[in-house]
Amino acid sequence: MKNKNELLSIGEVAKMTGVSIQTLYYYDRKNILKPTFIEPDTGYRYYSSDKMGQIAFIKACVQLDIPLKEVATILLSNDMTHVKDFLKQCNEVAETKINLLKFGIETFSEALEKIELGELYQTGKIYSRDFEDKYYFIKSCEQPLGSADLIRVMMNASLELYEYLHSYGSEYEYVALLGLGNLKLSSHKETNYYSFAEISKPTTHKDFLSIPAGTYFFIQSESSELKNANRIFRKQLENVNDYIVIETLETFFSKTNLNQPVYELRLIIL
């Protein structure tokens with residue numbers, strides 16, 4: 001045994017690492033982390049300085065929800081090849097969690113942005129807004145879909161999209177779905193309806209639609225107005241043949257009531 005003066009007491013270790021004394025006792029009982037020395041008369045635990053690195057490792061695994069049983073197996077194996085492989089797996093878990101956290105931040109930020117936008121506009125009044133490039137994954141339909149059918153169709157379609165993207169590797173692994181809605185594409189020749197999911201990145205899928213940055217007109221209402229779009233935007237559509245009308249159901253646009261979703265009807269002139 002090392003000189004006890006060269007060891008750290010369990011209290012010191014707890015203070016330095018932020019791991020409670022009770023947790024260190026638990027790690028001992030479960031064979032996750034054994035103290036270097038136990039005082040025979042008092043049962044008091046002491047740790048060598050190299051244990052601090054192992055504690056930091058255990059804390060990181062706990063934060064990533066990696067089972068302690070797996071951590072114990074690796075630490076007790078004393079096999080650096082196994083440790084190296086395990087660390088590679090831990091990196092993959094950490095990267096996945098980072099992406100999930102980023103997605104959470106994007107979701108919260110988007111919801112906050114929508115609340116702030118909703119506070120600016122009155123329902124039933126036409127406004128204009130600039131937008132950046134938009135990317136849509138679309139599915140043809142005979143008429144606009146109701147909200148439940150829209151979710152069913154586009155969730156199934158999204159599975160198809162992710163399978164397609166997965167074949168192109170990690171570059172496309174985290175294409176976020178930004179919203180669902182109905183879309184009317186009109187030209188001087190014909191009018192077609194689509195359901196869509198707005199996505200965060202362009203793809204080469206056959207059902208991908210890209211709309212370049214520009215300005216669109218929009219109006220908010222408490223019910224769907226897609227079929228009335230030509231009447232609502234009749235002034236903006238004078239002498240226009242090619243245009244897109246998009247309608248989304250927005251959860252966070254209501255000024256006072258979360259349970260009163262708001263429809264936003266958008267006109268994009270091509």
# chains A, B, ... in the order shown; residues from 1 in each chain; ligands from 1
call {"tool": "residues_around", "arguments": {"residues": "A:Ser221", "least_positions_apart": "4", "cutoff": "8 Å", "atoms": "only C-alpha atoms", "output": "number ranges by chain"}}
result
A: 123-124, 225, 262-264
call {"tool": "write_last_selection", "arguments": {"atoms": "C-alpha atoms", "output": "PDB file, in the first residue's frame"}}
result
ATOM      1  CA  THR A 123     -55.759  37.490 -38.216  1.00  0.00           C
ATOM      2  CA  GLY A 124     -57.543  38.233 -41.475  1.00  0.00           C
ATOM      3  CA  GLU A 225     -58.412  28.951 -46.222  1.00  0.00           C
ATOM      4  CA  VAL A 262     -53.543  29.375 -36.265  1.00  0.00           C
ATOM      5  CA  TYR A 263     -53.458  28.644 -39.996  1.00  0.00           C
ATOM      6  CA  GLU A 264     -51.009  30.659 -42.082  1.00  0.00           C
TER       7      GLU A 264
END
call {"tool": "select_by_dssp", "arguments": {"residues": "stretch 40-258 of chain A", "states": "helix (DSSP H, G or I)", "output": "VMD selection string"}}
result
chain A and resid 51 to 63 68 to 77 80 to 118 147 to 166 170 to 172 226 to 232
call {"tool": "closest_residue", "arguments": {"among": "A:Phe57, A:Tyr127, A:Phe253, A:Tyr135", "to": "A:Gln236", "atoms": "only C-alpha atoms"}}
result
A:Tyr127
call {"tool": "closest_residue", "arguments": {"among": "A:Thr36, A:Thr81, A:Thr23, A:Ser48", "to": "A:Val62", "atoms": "only C-alpha atoms"}}
result
A:Thr23
call {"tool": "residues_around", "arguments": {"residues": "A:Leu7", "least_positions_apart": "5", "cutoff": "8 Å", "atoms": "only C-alpha atoms", "output": "PDB file with N, CA and C atoms, in the first residue's frame"}}
result
ATOM      1  N   LYS A   2       0.386   2.286  -0.719  1.00  0.00           N
ATOM      2  CA  LYS A   2       1.077   3.556  -0.677  1.00  0.00           C
ATOM      3  C   LYS A   2       0.968   4.167   0.717  1.00  0.00           C
ATOM      4  N   TYR A  46      -9.878   5.620   1.179  1.00  0.00           N
ATOM      5  CA  TYR A  46      -8.860   6.499   0.618  1.00  0.00           C
ATOM      6  C   TYR A  46      -8.634   6.115  -0.840  1.00  0.00           C
ATOM      7  N   TYR A  47      -8.293   7.126  -1.641  1.00  0.00           N
ATOM      8  CA  TYR A  47      -8.138   6.915  -3.081  1.00  0.00           C
ATOM      9  C   TYR A  47      -6.804   7.478  -3.566  1.00  0.00           C
ATOM     10  N   SER A  48      -6.187   6.748  -4.489  1.00  0.00           N
ATOM     11  CA  SER A  48      -4.970   7.258  -5.123  1.00  0.00           C
ATOM     12  C   SER A  48      -5.363   8.258  -6.207  1.00  0.00           C
ATOM     13  N   SER A  49      -4.422   9.088  -6.597  1.00  0.00           N
ATOM     14  CA  SER A  49      -4.718  10.176  -7.533  1.00  0.00           C
ATOM     15  C   SER A  49      -5.192   9.673  -8.891  1.00  0.00           C
TER      16      SER A  49
END
call {"tool": "atom_distance", "arguments": {"atom1": "atom CA of A:Gly118", "atom2": "atom CA of A:Glu222"}}
result
12.5 Å
call {"tool": "closest_residue", "arguments": {"among": "A:Ile244, A:Ile38, A:Val19, A:Ile232", "to": "A:Ser210", "atoms": "only C-alpha atoms"}}
result
A:Ile244
call {"tool": "atom_distance", "arguments": {"atom1": "atom CA of A:Ile66", "atom2": "atom CA of A:Thr107"}}
result
25.5 Å
call {"tool": "atom_distance", "arguments": {"atom1": "atom CA of A:Thr191", "atom2": "atom CA of A:Lys125"}}
result
25.2 Å
call {"tool": "closest_residue", "arguments": {"among": "A:Lys30, A:Arg266, A:Lys206, A:Lys88", "to": "A:Thr248", "atoms": "only C-alpha atoms"}}
result
A:Arg266
call {"tool": "residues_around", "arguments": {"residues": "A:Leu180", "least_positions_apart": "3", "cutoff": "9 Å", "atoms": "only C-alpha atoms", "output": "VMD selection string"}}
result
chain A and resid 150 to 151 154 177 195 to 198 247 to 249
call {"tool": "residues_around", "arguments": {"residues": "A:Thr203", "least_positions_apart": "5", "cutoff": "9 Å", "atoms": "only C-alpha atoms", "output": "mmCIF file with N, CA and C atoms, in the first residue's frame"}}
result
data_model
loop_
_atom_site.group_PDB
_atom_site.id
_atom_site.type_symbol
_atom_site.label_atom_id
_atom_site.label_comp_id
_atom_site.auth_asym_id
_atom_site.auth_seq_id
_atom_site.Cartn_x
_atom_site.Cartn_y
_atom_site.Cartn_z
ATOM 1 N N TYR A 135 -36.946 24.389 -48.440
ATOM 2 C CA TYR A 135 -36.821 23.037 -48.979
ATOM 3 C C TYR A 135 -37.998 22.202 -48.499
ATOM 4 N N PHE A 137 -40.235 18.420 -48.873
ATOM 5 C CA PHE A 137 -40.432 17.049 -49.337
ATOM 6 C C PHE A 137 -41.922 16.900 -49.553
ATOM 7 N N LEU A 165 -31.996 9.243 -47.360
ATOM 8 C CA LEU A 165 -30.863 10.049 -46.923
ATOM 9 C C LEU A 165 -29.792 9.209 -46.246
ATOM 10 N N TYR A 172 -26.190 13.520 -44.199
ATOM 11 C CA TYR A 172 -27.622 13.776 -44.254
ATOM 12 C C TYR A 172 -28.377 13.153 -43.084
ATOM 13 N N PHE A 208 -38.459 16.130 -54.004
ATOM 14 C CA PHE A 208 -37.912 17.326 -53.353
ATOM 15 C C PHE A 208 -38.277 18.570 -54.158
ATOM 16 N N LEU A 209 -38.681 19.618 -53.446
ATOM 17 C CA LEU A 209 -38.997 20.903 -54.077
ATOM 18 C C LEU A 209 -38.218 22.001 -53.368
#
call {"tool": "closest_residue", "arguments": {"among": "A:Phe252, A:Tyr44, A:Tyr194, A:Phe233", "to": "A:Asp207", "atoms": "only C-alpha atoms"}}
result
A:Tyr194
call {"tool": "select_by_dssp", "arguments": {"residues": "stretch 41-260 of chain A", "states": "strand (DSSP E)", "output": "number ranges by chain"}}
result
A: 45-47, 127-131, 134-141, 177-186, 191-199, 208-211, 214-221, 243-250
call {"tool": "closest_residue", "arguments": {"among": "A:His205, A:Lys227, A:Arg152, A:Lys184", "to": "A:Leu267", "atoms": "only C-alpha atoms"}}
result
A:Lys184
